[in-house]
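Below: input04.tsv (TSV, C-alpha atoms)
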```tsv
chain	number	residue	atom	x	y	z
A	246	MET	CA	0.00	0.00	0.00
A	247	CYS	CA	1.19	3.49	-0.77
A	248	ASP	CA	2.63	5.09	2.37
A	249	THR	CA	2.20	8.60	1.14
A	250	CYS	CA	-1.46	8.76	0.27
A	251	GLY	CA	-2.77	5.40	1.47
A	252	CYS	CA	-3.91	4.02	-1.87
A	253	GLY	CA	-3.27	0.43	-2.89
A	254	THR	CA	-2.39	0.74	-6.54
A	255	ASP	CA	1.24	1.64	-6.07
A	256	SER	CA	2.16	-1.69	-4.56
A	257	HIS	CA	2.46	-3.27	-8.02
A	258	ASP	CA	5.59	-1.18	-8.74
A	259	VAL	CA	3.84	0.04	-11.87
A	260	LYS	CA	5.87	2.05	-14.32
A	261	ILE	CA	4.50	3.98	-17.26
A	262	SER	CA	6.87	4.97	-20.04
A	263	ARG	CA	7.25	6.00	-23.63
A	264	PRO	CA	9.80	4.27	-25.87
A	265	GLY	CA	13.21	5.79	-25.32
A	266	GLU	CA	12.56	6.69	-21.71
A	267	GLU	CA	14.57	5.08	-18.94
A	268	ASP	CA	14.25	1.33	-19.12
A	269	PRO	CA	12.30	0.33	-15.99
A	270	VAL	CA	14.08	-3.04	-15.61
A	271	GLY	CA	16.85	-1.53	-13.50
A	272	SER	CA	14.68	0.59	-11.25
A	273	ILE	CA	12.00	-1.75	-9.96
A	274	ASP	CA	12.57	-2.39	-6.28
A	275	SER	CA	9.62	-3.86	-4.46
A	276	ASN	CA	11.48	-4.01	-1.14
A	277	GLN	CA	11.89	-0.31	-0.90
A	278	PRO	CA	9.49	1.19	1.63
A	279	GLY	CA	7.52	4.28	0.81
A	280	HIS	CA	8.57	6.30	-2.20
A	281	GLY	CA	12.25	5.92	-2.83
A	282	ARG	CA	11.56	5.76	-6.55
A	283	ASP	CA	9.48	8.03	-8.71
A	284	HIS	CA	5.94	8.10	-7.56
A	285	SER	CA	4.07	8.33	-10.77
A	286	HIS	CA	0.53	8.86	-9.57
A	287	ASP	CA	-0.66	12.27	-8.49
A	288	HIS	CA	-2.50	12.92	-5.27
A	289	GLU	CA	-5.75	14.35	-6.47
A	290	HIS	CA	-6.74	10.97	-7.82
A	291	SER	CA	-9.79	8.89	-7.12
A	292	HIS	CA	-8.90	7.49	-3.69
A	293	ASP	CA	-10.34	10.41	-1.81
A	294	HIS	CA	-11.82	9.72	1.57
A	295	GLY	CA	-14.88	11.83	1.17
A	296	HIS	CA	-16.74	8.55	0.66
A	297	SER	CA	-18.06	9.73	-2.66
A	298	HIS	CA	-19.42	6.51	-4.08
A	299	ASP	CA	-23.12	6.11	-3.64
A	300	HIS	CA	-24.48	2.74	-2.79
A	301	GLY	CA	-27.51	1.54	-0.92
A	302	HIS	CA	-25.94	0.22	2.25
A	303	SER	CA	-26.21	1.83	5.63
A	304	HIS	CA	-23.99	1.74	8.65
A	305	GLU	CA	-26.30	0.32	11.25
A	306	HIS	CA	-24.95	1.42	14.54
A	307	ASP	CA	-27.98	0.59	16.58
A	308	HIS	CA	-28.88	-2.84	15.33
A	309	PRO	CA	-29.12	-5.65	17.89
A	310	HIS	CA	-25.70	-7.01	18.83
A	311	ASP	CA	-25.08	-10.70	19.00
A	312	HIS	CA	-23.39	-10.96	22.33
A	313	ASP	CA	-21.80	-14.32	21.71
A	314	HIS	CA	-18.75	-12.59	20.34
A	315	HIS	CA	-16.71	-11.63	23.35
A	316	GLY	CA	-15.40	-8.13	23.44
A	317	SER	CA	-16.39	-4.77	24.78
A	318	SER	CA	-19.92	-3.43	24.46
A	319	THR	CA	-18.75	-0.80	21.98
A	320	GLU	CA	-17.96	-3.53	19.44
A	321	ARG	CA	-20.50	-3.49	16.64
A	322	ARG	CA	-21.05	-5.20	13.30
A	323	ILE	CA	-21.46	-2.92	10.33
A	324	ARG	CA	-23.12	-4.19	7.21
A	325	VAL	CA	-20.99	-3.38	4.20
A	326	GLU	CA	-22.18	-5.45	1.18
A	327	GLU	CA	-19.75	-3.73	-1.12
A	328	ASP	CA	-18.28	-5.19	-4.24
A	329	ILE	CA	-14.53	-5.64	-3.93
A	330	LEU	CA	-13.99	-4.74	-7.53
A	331	GLY	CA	-16.26	-1.73	-7.07
A	332	GLN	CA	-13.33	0.66	-6.87
A	333	ASN	CA	-11.85	-0.62	-10.11
A	334	ASN	CA	-15.26	-0.55	-11.79
A	335	LEU	CA	-15.74	3.05	-10.71
A	336	ALA	CA	-12.33	4.01	-12.08
A	337	ALA	CA	-13.23	2.20	-15.31
A	338	GLU	CA	-16.43	4.22	-15.59
A	339	ARG	CA	-14.46	7.42	-15.13
A	340	ASN	CA	-12.14	6.32	-17.91
A	341	ARG	CA	-15.17	5.55	-20.04
A	342	GLY	CA	-16.49	9.07	-19.49
A	343	TYR	CA	-13.19	10.56	-20.58
A	344	PHE	CA	-13.09	8.39	-23.70
A	345	GLU	CA	-16.67	9.23	-24.63
A	346	ALA	CA	-16.02	12.94	-24.26
A	347	LYS	CA	-13.10	12.70	-26.66
A	348	GLY	CA	-14.81	10.25	-29.01
A	349	VAL	CA	-12.02	7.70	-28.51
A	350	VAL	CA	-12.92	4.09	-29.24
A	351	VAL	CA	-11.07	1.82	-26.85
A	352	ILE	CA	-10.30	-1.83	-27.54
A	353	ASN	CA	-9.02	-4.17	-24.84
A	354	LEU	CA	-6.85	-6.78	-26.61
A	355	MET	CA	-6.43	-9.97	-24.62
A	356	SER	CA	-4.78	-13.32	-25.20
A	357	SER	CA	-2.16	-15.68	-23.87
A	358	PRO	CA	1.47	-14.66	-24.39
A	359	GLY	CA	2.73	-15.32	-27.92
A	360	SER	CA	-0.56	-15.35	-29.80
A	361	GLY	CA	0.46	-12.39	-31.94
A	362	LYS	CA	-1.07	-9.27	-30.36
A	363	THR	CA	1.91	-7.03	-31.01
A	364	THR	CA	2.50	-8.29	-34.55
A	365	LEU	CA	-1.17	-7.73	-35.34
A	366	LEU	CA	-0.93	-4.20	-34.03
A	367	GLU	CA	2.28	-3.46	-35.95
A	368	LYS	CA	0.69	-4.57	-39.22
A	369	SER	CA	-2.57	-2.76	-38.45
A	370	ILE	CA	-0.83	0.54	-37.76
A	371	VAL	CA	0.78	0.48	-41.19
A	372	SER	CA	-2.58	-0.21	-42.91
A	373	ILE	CA	-4.49	2.41	-40.94
A	374	LYS	CA	-1.98	5.23	-41.19
A	375	GLY	CA	-3.49	8.27	-42.76
A	376	LYS	CA	-7.01	6.88	-42.55
A	377	ARG	CA	-7.64	7.02	-38.83
A	378	SER	CA	-5.71	8.14	-35.79
A	379	MET	CA	-4.52	5.19	-33.70
A	380	ALA	CA	-2.70	4.92	-30.38
A	381	VAL	CA	-1.57	2.04	-28.17
A	382	ILE	CA	-1.17	1.37	-24.47
A	383	GLY	CA	0.96	-1.71	-23.91
A	384	GLY	CA	1.08	-3.93	-20.85
A	385	ASP	CA	3.85	-6.31	-19.82
A	386	GLN	CA	5.60	-7.23	-16.61
A	387	GLN	CA	8.86	-5.79	-17.85
A	388	THR	CA	10.66	-4.14	-20.83
A	389	LEU	CA	9.66	-1.57	-23.39
A	390	ASN	CA	10.12	-4.11	-26.21
A	391	ASP	CA	6.53	-4.04	-27.42
A	392	ALA	CA	6.30	-0.26	-27.15
A	393	GLU	CA	9.43	0.08	-29.25
A	394	ARG	CA	7.94	-2.12	-31.95
A	395	ILE	CA	4.73	-0.08	-32.01
A	396	ASP	CA	6.73	3.13	-32.04
A	397	LYS	CA	8.73	1.87	-35.06
A	398	ALA	CA	5.48	0.97	-36.82
A	399	GLY	CA	4.44	4.59	-36.40
A	400	ALA	CA	1.82	4.97	-33.66
A	401	PRO	CA	1.99	6.88	-30.39
A	402	VAL	CA	2.44	4.43	-27.54
A	403	VAL	CA	2.89	4.26	-23.81
A	404	GLN	CA	3.99	1.09	-21.99
A	405	ILE	CA	2.74	0.03	-18.57
A	406	ASN	CA	5.15	-2.26	-16.74
A	407	THR	CA	3.27	-4.02	-13.99
A	408	GLY	CA	6.27	-5.48	-12.18
A	409	TYR	CA	4.76	-8.52	-10.49
A	410	GLY	CA	1.25	-7.71	-11.66
A	411	CYS	CA	-0.54	-10.10	-13.98
A	412	HIS	CA	-3.19	-7.79	-15.41
A	413	LEU	CA	-3.91	-4.15	-16.15
A	414	ASP	CA	-6.44	-2.26	-14.09
A	415	ALA	CA	-8.44	0.91	-14.60
A	416	GLU	CA	-6.18	3.12	-12.52
A	417	MET	CA	-3.13	2.12	-14.57
A	418	ILE	CA	-5.05	3.00	-17.74
A	419	ARG	CA	-6.03	6.34	-16.27
A	420	MET	CA	-2.36	7.17	-15.63
A	421	ALA	CA	-1.23	5.91	-19.02
A	422	VAL	CA	-3.90	7.87	-20.88
A	423	LYS	CA	-2.77	11.04	-19.12
A	424	LYS	CA	0.70	10.50	-20.51
A	425	LEU	CA	-0.48	9.39	-23.94
A	426	ASP	CA	-3.13	12.11	-24.49
A	427	PRO	CA	-4.86	10.38	-27.45
A	428	ASP	CA	-6.40	12.39	-30.30
A	429	ASN	CA	-10.14	12.98	-30.40
A	430	ASP	CA	-11.99	10.43	-32.56
A	431	SER	CA	-9.04	8.04	-32.52
A	432	VAL	CA	-8.89	4.32	-31.86
A	433	LEU	CA	-6.98	3.31	-28.75
A	434	PHE	CA	-5.74	-0.26	-28.39
A	435	ILE	CA	-4.92	-1.54	-24.93
A	436	GLU	CA	-2.60	-4.48	-25.37
A	437	ASN	CA	-3.25	-6.28	-22.11
A	438	VAL	CA	-0.73	-8.50	-20.31
A	439	GLY	CA	-0.46	-11.90	-22.00
A	440	ASN	CA	-2.67	-13.92	-19.69
A	441	LEU	CA	-5.90	-15.82	-20.25
A	442	VAL	CA	-7.10	-15.65	-16.66
A	443	CYS	CA	-6.64	-12.45	-14.71
A	444	PRO	CA	-7.35	-9.63	-17.18
A	445	SER	CA	-10.96	-10.76	-17.62
A	446	LEU	CA	-11.89	-9.65	-14.10
A	447	PHE	CA	-10.69	-6.07	-14.49
A	448	GLU	CA	-12.72	-3.48	-16.37
A	449	LEU	CA	-10.57	-0.79	-17.93
A	450	GLY	CA	-13.21	1.46	-19.45
A	451	GLU	CA	-12.99	-0.23	-22.84
A	452	GLN	CA	-15.75	-0.21	-25.43
A	453	VAL	CA	-15.02	-3.67	-26.73
A	454	ARG	CA	-12.92	-6.68	-25.74
A	455	VAL	CA	-11.09	-8.54	-28.47
A	456	VAL	CA	-9.61	-11.91	-27.64
A	457	ILE	CA	-6.92	-13.41	-29.85
A	458	ILE	CA	-6.23	-17.10	-30.08
A	459	SER	CA	-3.61	-18.58	-32.38
A	460	VAL	CA	-3.90	-21.93	-34.17
A	461	THR	CA	-0.95	-23.31	-32.22
A	462	GLU	CA	-2.93	-23.12	-29.01
A	463	GLY	CA	-5.55	-25.85	-29.02
A	464	ASP	CA	-9.16	-25.55	-30.10
A	465	ASP	CA	-10.56	-26.31	-26.63
A	466	LYS	CA	-9.05	-23.13	-25.20
A	467	PRO	CA	-12.45	-21.36	-24.93
A	468	LEU	CA	-13.76	-24.16	-22.72
A	469	LYS	CA	-10.67	-24.19	-20.53
A	470	TYR	CA	-10.58	-20.43	-20.12
A	471	PRO	CA	-14.22	-19.36	-20.48
A	472	THR	CA	-14.12	-16.06	-18.64
A	473	ILE	CA	-11.87	-14.34	-21.13
A	474	PHE	CA	-14.13	-15.41	-24.02
A	475	GLU	CA	-17.33	-14.70	-22.16
A	476	ARG	CA	-17.33	-10.93	-22.50
A	477	ALA	CA	-15.44	-10.53	-25.73
A	478	GLY	CA	-17.11	-8.94	-28.74
A	479	LEU	CA	-14.69	-10.35	-31.29
A	480	CYS	CA	-12.41	-13.36	-31.42
A	481	ILE	CA	-9.46	-13.28	-33.80
A	482	ILE	CA	-8.00	-16.61	-34.83
A	483	ASN	CA	-4.44	-15.78	-35.75
A	484	LYS	CA	-1.55	-17.59	-37.50
A	485	THR	CA	-3.82	-19.27	-40.05
A	486	ASP	CA	-0.70	-19.69	-42.19
A	487	LEU	CA	0.29	-22.49	-39.78
A	488	LEU	CA	-2.97	-24.46	-40.13
A	489	PRO	CA	-1.41	-27.14	-42.37
A	490	TYR	CA	1.09	-27.97	-39.63
A	491	VAL	CA	-1.13	-28.21	-36.55
A	492	ASP	CA	-4.13	-30.24	-35.37
A	493	PHE	CA	-6.43	-27.30	-34.95
A	494	SER	CA	-10.05	-27.30	-36.00
A	495	LEU	CA	-11.55	-23.91	-36.87
A	496	GLU	CA	-15.07	-25.35	-36.49
A	497	LYS	CA	-14.29	-26.77	-33.06
A	498	VAL	CA	-12.77	-23.60	-31.66
A	499	LYS	CA	-15.72	-21.56	-32.90
A	500	SER	CA	-18.36	-23.90	-31.54
A	501	ASN	CA	-16.52	-24.10	-28.21
A	502	ALA	CA	-16.33	-20.34	-28.01
A	503	LEU	CA	-20.00	-19.96	-28.94
A	504	THR	CA	-20.98	-22.23	-26.01
A	505	VAL	CA	-19.40	-19.72	-23.73
A	506	ASN	CA	-20.48	-16.63	-25.65
A	507	PRO	CA	-23.25	-17.09	-28.23
A	508	ASN	CA	-22.76	-13.54	-29.52
A	509	LEU	CA	-19.09	-13.85	-30.29
A	510	ARG	CA	-17.95	-12.83	-33.77
A	511	PHE	CA	-14.90	-14.42	-35.44
A	512	MET	CA	-12.17	-13.39	-37.85
A	513	GLU	CA	-9.53	-15.73	-39.19
A	514	LEU	CA	-6.29	-14.18	-40.30
A	515	SER	CA	-2.55	-14.29	-40.38
A	516	ALA	CA	-0.86	-11.12	-39.16
A	517	LYS	CA	2.38	-12.42	-40.59
A	518	THR	CA	1.25	-13.03	-44.18
A	519	ARG	CA	-1.57	-10.43	-43.99
A	520	GLU	CA	-4.10	-13.00	-45.19
A	521	GLY	CA	-7.56	-12.03	-43.90
A	522	MET	CA	-6.34	-8.70	-42.53
A	523	ASP	CA	-8.69	-6.61	-44.70
A	524	GLN	CA	-11.82	-7.50	-42.71
A	525	TRP	CA	-9.99	-6.60	-39.48
A	526	ILE	CA	-8.81	-3.24	-40.84
A	527	GLU	CA	-12.28	-2.51	-42.17
A	528	TRP	CA	-13.70	-3.31	-38.74
A	529	ILE	CA	-11.29	-0.91	-37.04
A	530	LEU	CA	-12.00	1.88	-39.52
A	531	SER	CA	-15.74	1.53	-39.06
A	532	LEU	CA	-15.71	1.59	-35.23
A	533	LYS	CA	-17.81	4.37	-33.77
A	534	PRO	CA	-17.67	5.66	-30.21
A	535	LEU	CA	-20.67	4.89	-28.00
A	536	ASN	CA	-22.99	7.71	-27.06
B	5	MET	CA	-2.78	-15.08	-9.30
B	6	HIS	CA	-4.58	-11.77	-9.23
B	7	GLU	CA	-5.56	-12.61	-5.64
B	8	LEU	CA	-2.96	-10.21	-4.26
B	9	SER	CA	-4.58	-7.40	-6.20
B	10	ILE	CA	-7.96	-8.45	-4.85
B	11	ALA	CA	-6.55	-8.65	-1.31
B	12	ILE	CA	-5.23	-5.11	-1.59
B	13	SER	CA	-8.64	-3.94	-2.81
B	14	ILE	CA	-10.28	-5.67	0.17
B	15	VAL	CA	-7.95	-3.96	2.63
B	16	ASP	CA	-8.44	-0.57	0.94
B	17	LEU	CA	-12.20	-0.92	1.01
B	18	ALA	CA	-12.28	-2.16	4.61
B	19	VAL	CA	-10.10	0.72	5.80
B	20	LYS	CA	-12.36	3.18	4.00
B	21	GLU	CA	-15.48	1.66	5.59
B	22	ALA	CA	-13.87	1.63	9.03
B	23	ARG	CA	-13.01	5.31	8.73
B	24	ALA	CA	-16.53	6.13	7.56
B	25	ALA	CA	-17.89	4.33	10.63
B	26	SER	CA	-15.42	6.17	12.89
B	27	ALA	CA	-13.97	2.87	14.00
B	28	ALA	CA	-10.60	2.68	15.70
B	29	SER	CA	-10.12	-1.04	15.21
B	30	VAL	CA	-11.44	-3.89	13.09
B	31	SER	CA	-11.58	-7.32	14.68
B	32	GLU	CA	-13.26	-9.12	11.76
B	33	VAL	CA	-14.00	-8.67	8.08
B	34	GLU	CA	-16.64	-10.99	6.63
B	35	LEU	CA	-16.26	-11.76	2.93
B	36	ASP	CA	-18.71	-13.41	0.54
B	37	ILE	CA	-16.68	-15.10	-2.17
B	38	GLY	CA	-18.48	-17.31	-4.65
B	39	MET	CA	-16.92	-20.59	-5.69
B	40	LEU	CA	-17.20	-19.47	-9.32
B	41	SER	CA	-15.90	-15.96	-8.77
B	42	GLY	CA	-12.48	-16.79	-10.20
B	43	ILE	CA	-10.79	-16.37	-6.84
B	44	GLU	CA	-8.55	-19.07	-5.43
B	45	TYR	CA	-9.24	-19.12	-1.66
B	46	VAL	CA	-5.81	-20.23	-0.51
B	47	SER	CA	-4.11	-17.63	-2.73
B	48	LEU	CA	-6.44	-14.99	-1.35
B	49	GLU	CA	-5.62	-15.87	2.25
B	50	PHE	CA	-1.96	-15.70	1.39
B	51	GLY	CA	-2.47	-12.36	-0.33
B	52	LEU	CA	-4.38	-10.95	2.63
B	53	LYS	CA	-1.50	-11.75	4.97
B	54	ALA	CA	0.72	-9.56	2.83
B	55	ALA	CA	-1.85	-6.86	2.12
B	56	VAL	CA	-2.67	-6.11	5.80
B	57	ARG	CA	0.90	-5.37	6.83
B	58	GLY	CA	1.22	-1.84	8.12
B	59	THR	CA	-2.51	-1.15	7.92
B	60	LEU	CA	-5.40	-0.87	10.34
B	61	LEU	CA	-6.22	-4.50	9.58
B	62	GLU	CA	-2.95	-6.05	10.67
B	63	ASN	CA	-4.64	-8.17	13.36
B	64	THR	CA	-8.03	-8.54	11.75
B	65	VAL	CA	-9.57	-11.96	11.29
B	66	PHE	CA	-10.93	-12.58	7.78
B	67	ARG	CA	-13.99	-14.79	7.69
B	68	ILE	CA	-14.55	-16.03	4.15
B	69	ASN	CA	-17.98	-17.41	3.25
B	70	ARG	CA	-17.48	-19.72	0.29
B	71	ILE	CA	-20.76	-19.26	-1.55
B	72	GLU	CA	-21.89	-22.45	-3.23
B	73	PRO	CA	-23.12	-21.87	-6.79
B	74	LEU	CA	-26.71	-22.47	-7.83
B	75	ALA	CA	-27.98	-22.44	-11.40
B	76	GLU	CA	-31.40	-22.58	-13.00
B	77	CYS	CA	-32.02	-24.10	-16.40
B	78	GLN	CA	-33.78	-21.61	-18.65
B	79	GLN	CA	-35.54	-24.41	-20.48
B	80	CYS	CA	-36.91	-26.82	-17.85
B	81	LYS	CA	-36.34	-24.63	-14.76
B	82	HIS	CA	-34.40	-27.38	-13.01
B	83	LEU	CA	-32.20	-26.08	-10.18
B	84	PHE	CA	-28.76	-27.58	-9.84
B	85	ILE	CA	-25.29	-26.97	-8.46
B	86	PRO	CA	-22.97	-26.35	-11.40
B	87	THR	CA	-19.38	-27.52	-11.15
B	88	GLY	CA	-18.14	-24.62	-13.25
B	89	LEU	CA	-19.26	-21.86	-15.53
B	90	PHE	CA	-21.33	-22.67	-18.62
B	91	ILE	CA	-22.37	-26.14	-17.46
B	92	LYS	CA	-25.29	-27.76	-19.28
B	93	CYS	CA	-28.49	-28.64	-17.42
B	94	PRO	CA	-28.12	-32.19	-16.04
B	95	GLU	CA	-31.82	-32.82	-16.67
B	96	CYS	CA	-32.35	-31.65	-20.25
B	97	SER	CA	-28.82	-30.73	-21.47
B	98	GLU	CA	-29.84	-27.16	-22.20
B	99	THR	CA	-26.88	-24.76	-22.42
B	100	GLU	CA	-28.81	-21.65	-21.47
B	101	THR	CA	-28.65	-21.62	-17.71
B	102	PHE	CA	-28.80	-18.74	-15.28
B	103	LEU	CA	-26.42	-18.53	-12.35
B	104	ILE	CA	-28.43	-17.50	-9.29
B	105	ARG	CA	-25.43	-17.30	-7.03
B	106	GLY	CA	-21.78	-18.28	-6.92
B	107	ARG	CA	-19.83	-15.35	-8.38
B	108	GLU	CA	-19.97	-13.03	-5.39
B	109	LEU	CA	-16.94	-10.98	-4.54
B	110	GLN	CA	-17.86	-8.63	-1.72
B	111	ILE	CA	-17.21	-7.48	1.80
B	112	LYS	CA	-20.37	-8.58	3.62
B	113	SER	CA	-19.81	-6.99	7.01
B	114	MET	CA	-17.19	-5.87	9.50
B	115	LEU	CA	-16.84	-6.10	13.26
B	116	VAL	CA	-15.47	-2.81	14.46
B	117	GLU	CA	-14.91	-0.80	17.58
```
Could you spell out this file's structure in structure tokens?
Amino acid sequence: MCDTCGCGTDSHDVKISRPGEEDPVGSIDSNQPGHGRDHSHDHEHSHDHGHSHDHGHSHEHDHPHDHDHHGSSTERRIRVEEDILGQNNLAAERNRGYFEAKGVVVINLMSSPGSGKTTLLEKSIVSIKGKRSMAVIGGDQQTLNDAERIDKAGAPVVQINTGYGCHLDAEMIRMAVKKLDPDNDSVLFIENVGNLVCPSLFELGEQVRVVIISVTEGDDKPLKYPTIFERAGLCIINKTDLLPYVDFSLEKVKSNALTVNPNLRFMELSAKTREGMDQWIEWILSLKPLN
Amino acid sequence: MHELSIAISIVDLAVKEARAASAASVSEVELDIGMLSGIEYVSLEFGLKAAVRGTLLENTVFRINRIEPLAECQQCKHLFIPTGLFIKCPECSETETFLIRGRELQIKSMLVE
């Protein structure tokens, strides 16, 4: 927990950087108490103690005590009934408001490590240049490698390094967006940490979730990891150029995914050879902000 | 392995609630955590041990209610205990089922002074 302002988000040793900025690998030190290193979040952020969230619960101070718990008579049980992810959800809604005001369409890209998220983005940036403004927020435990690739491809990018963290959360996105300052009416891709489990629980303020699965992964993936497929709007099946070499059934993966999410849409492509990329690019260009 | 993140959120929320209730100490935090919430109980307990260090909740007991899931088939209305998410109805094999409970992730109550 942050010793300066009492918030919990700093404990992930999160670093937010642009390509070319100091490589965070050398400066992460989770044993350091307080703020020996740069404290990237500002203090007028959402963890204010004015108890601003409205919810229906009440603090019942005069309800009948059960006296079987030993202790003084001033001990009382307060009913809380508050969602643990409520704070993150609230932060996600705030992000959403910001994105809507600027007309930015935000896509949360999720998959296991190595399925081709970064390559897909690199190729997409080249195809979209000049037609629509595009920006990227990358997420990895360490390194600016992905951000450097995106930067080379020609899109503004900011990298979040989570340290020991396994997912991105809404507060990290809020900080990254501040640094990135995306154009109005642009498309913002959040390349989540490669992980099929944790990211699904954390709302970021995105408009749509896109899950990528590659043909080298096994067509029963959607059944084994249902939560990440459950709330996705689009499923990209990548590396189709490798289909002749693997035992992967396109029909099976689709029917498995549809069990978990009957509204899921699919696109089959190869980011490497660009086969099937046109439908994806068309989809990006036609995205409209919600309002 | 996001349980540490969840544990930190629990501690943050509990401290906020304690302050709002003008409490000086918290002897117990009661949590409702559904068996299908995606939270691993042992990992969460481990995470809580780390998350409470240096906070108001350092000596607080965490009582975790493991909420058993209950689903209702949308076709035949049969009630059953699903063993995971997206389980078919054992009576009629229908895939459209509604989860009545089992994905909770909340602080139910706190014992404060």
At most 9 Å is the cut-off: for each residue in chain B with any atom that close to an atom of chain A, write down the nearest atom pair and the distance in Å rounded to one decimal, counting all atoms listed in the file, chain first then increasing number, as a Markdown table.
```
| residue | atom | partner | partner_atom | distance |
| --- | --- | --- | --- | --- |
| B:Met5 | CA | A:Cys443 | CA | 7.1 |
| B:His6 | CA | A:Cys443 | CA | 5.9 |
| B:Leu8 | CA | A:Gly410 | CA | 8.9 |
| B:Ser9 | CA | A:Gly410 | CA | 8.0 |
| B:Ile10 | CA | A:Ile329 | CA | 7.2 |
| B:Ala11 | CA | A:Ile329 | CA | 8.9 |
| B:Ile12 | CA | A:Gly253 | CA | 6.0 |
| B:Ser13 | CA | A:Ile329 | CA | 6.2 |
| B:Ile14 | CA | A:Ile329 | CA | 5.9 |
| B:Val15 | CA | A:Gly253 | CA | 8.5 |
| B:Asp16 | CA | A:Gly253 | CA | 6.5 |
| B:Leu17 | CA | A:Ile329 | CA | 7.2 |
| B:Ala18 | CA | A:Val325 | CA | 8.8 |
| B:Lys20 | CA | A:His294 | CA | 7.0 |
| B:Glu21 | CA | A:Val325 | CA | 7.6 |
| B:Ala22 | CA | A:Ile323 | CA | 8.9 |
| B:Arg23 | CA | A:His294 | CA | 8.5 |
| B:Ala24 | CA | A:His296 | CA | 7.3 |
| B:Ala25 | CA | A:His304 | CA | 6.9 |
| B:Ser31 | CA | A:Glu320 | CA | 8.8 |
| B:Glu32 | CA | A:Arg322 | CA | 8.9 |
| B:Leu35 | CA | A:Glu326 | CA | 8.8 |
| B:Asp36 | CA | A:Glu326 | CA | 8.7 |
| B:Gly42 | CA | A:Leu446 | CA | 8.2 |
| B:Ala55 | CA | A:Met246 | CA | 7.4 |
| B:Val56 | CA | A:Met246 | CA | 8.8 |
| B:Arg57 | CA | A:Met246 | CA | 8.7 |
| B:Gly58 | CA | A:Met246 | CA | 8.4 |
| B:Thr59 | CA | A:Met246 | CA | 8.4 |
| B:Leu89 | CA | A:Pro471 | CA | 7.5 |
| B:Phe90 | CA | A:Val505 | CA | 6.2 |
| B:Thr99 | CA | A:Thr504 | CA | 7.4 |
| B:Glu108 | CA | A:Asp328 | CA | 8.1 |
| B:Leu109 | CA | A:Ile329 | CA | 5.9 |
| B:Gln110 | CA | A:Asp328 | CA | 4.3 |
| B:Ile111 | CA | A:Glu327 | CA | 5.4 |
| B:Lys112 | CA | A:Glu326 | CA | 4.4 |
| B:Ser113 | CA | A:Arg324 | CA | 4.3 |
| B:Met114 | CA | A:Ile323 | CA | 5.3 |
| B:Leu115 | CA | A:Arg322 | CA | 4.3 |
| B:Val116 | CA | A:Arg321 | CA | 5.5 |
| B:Glu117 | CA | A:Glu320 | CA | 4.5 |
```
Among A:Gly478, A:Gly361, A:Gly450, A:Pro489, Phe344 in chain A is approached most closely, using all atoms listed in the file, by A:Gly450
Shortest contact to Pro73 in chain B, candidates B:Leu103, B:Ile91, B:Leu61, B:Val46, atoms counted all atoms listed in the file, goes to B:Leu103
inquiry  = Residues proximal to (-32.0, -22.6, -13.9) were defined as those with any atom within 9 Å of that point in the file's coordinates, counting all atoms listed in the file. Which are they, as a list in words?
reply    = Leu74, Ala75, Glu76, Cys77, Gln78, Gln79, Cys80, Lys81, His82, Leu83, Phe84, Cys93, Glu100, Thr101, Phe102, Leu103 and Ile104 of chain B
Find, counting all atoms listed in the file, the residue in B:Gly106, B:Glu34, B:Tyr45, B:Ser97 that gets nearest to Thr64 in chain B.
->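 Between B:Gly106, B:Glu34, B:Tyr45, B:Ser97, the residue approaching Thr64 in chain B most closely is B:Glu34.
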Figure out the distance between CA of Asn353 in chain A and CA of Leu488 in chain A, please, to one decimal in Å.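 Atom-to-atom, CA of Leu488 in chain A and CA of Asn353 in chain A are spaced 26.1 Å apart.
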(Q) Rounded to one decimal, what separation in Å do you get between CA of Glu448 in chain A and CA of Asn483 in chain A? (A)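 Separation of CA of Glu448 in chain A and CA of Asn483 in chain A: 24.4 Å.
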Between CA of Val438 in chain A and CA of Asp385 in chain A lies a distance of 5.1 Å
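Distance check against Val453 in chain A using only C-alpha atoms: of A:Lys469, A:Lys368, A:Arg263, A:Arg341, the minimum falls on A:Arg341.
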Emit range 61-65 of chain B of the structure in the block as a file comprising N, CA, C and O atoms, as an mmCIF file, in the first residue's frame.
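Wrote decode_37.cif, looks like this:
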```cif
data_model
loop_
_atom_site.group_PDB
_atom_site.id
_atom_site.type_symbol
_atom_site.label_atom_id
_atom_site.label_comp_id
_atom_site.auth_asym_id
_atom_site.auth_seq_id
_atom_site.Cartn_x
_atom_site.Cartn_y
_atom_site.Cartn_z
ATOM 1 N N LEU B 61 -5.710 -3.129 9.522
ATOM 2 C CA LEU B 61 -6.220 -4.502 9.580
ATOM 3 C C LEU B 61 -5.170 -5.556 9.897
ATOM 4 O O LEU B 61 -5.392 -6.749 9.696
ATOM 5 N N GLU B 62 -4.053 -5.115 10.427
ATOM 6 C CA GLU B 62 -2.950 -6.047 10.670
ATOM 7 C C GLU B 62 -3.337 -7.257 11.526
ATOM 8 O O GLU B 62 -2.806 -8.344 11.351
ATOM 9 N N ASN B 63 -4.263 -7.056 12.479
ATOM 10 C CA ASN B 63 -4.639 -8.170 13.356
ATOM 11 C C ASN B 63 -6.086 -8.611 13.142
ATOM 12 O O ASN B 63 -6.661 -9.311 13.963
ATOM 13 N N THR B 64 -6.635 -8.215 12.036
ATOM 14 C CA THR B 64 -8.031 -8.541 11.750
ATOM 15 C C THR B 64 -8.176 -9.982 11.293
ATOM 16 O O THR B 64 -7.346 -10.503 10.545
ATOM 17 N N VAL B 65 -9.258 -10.607 11.744
ATOM 18 C CA VAL B 65 -9.570 -11.961 11.292
ATOM 19 C C VAL B 65 -10.442 -11.840 10.037
ATOM 20 O O VAL B 65 -11.396 -11.063 10.018
#
```
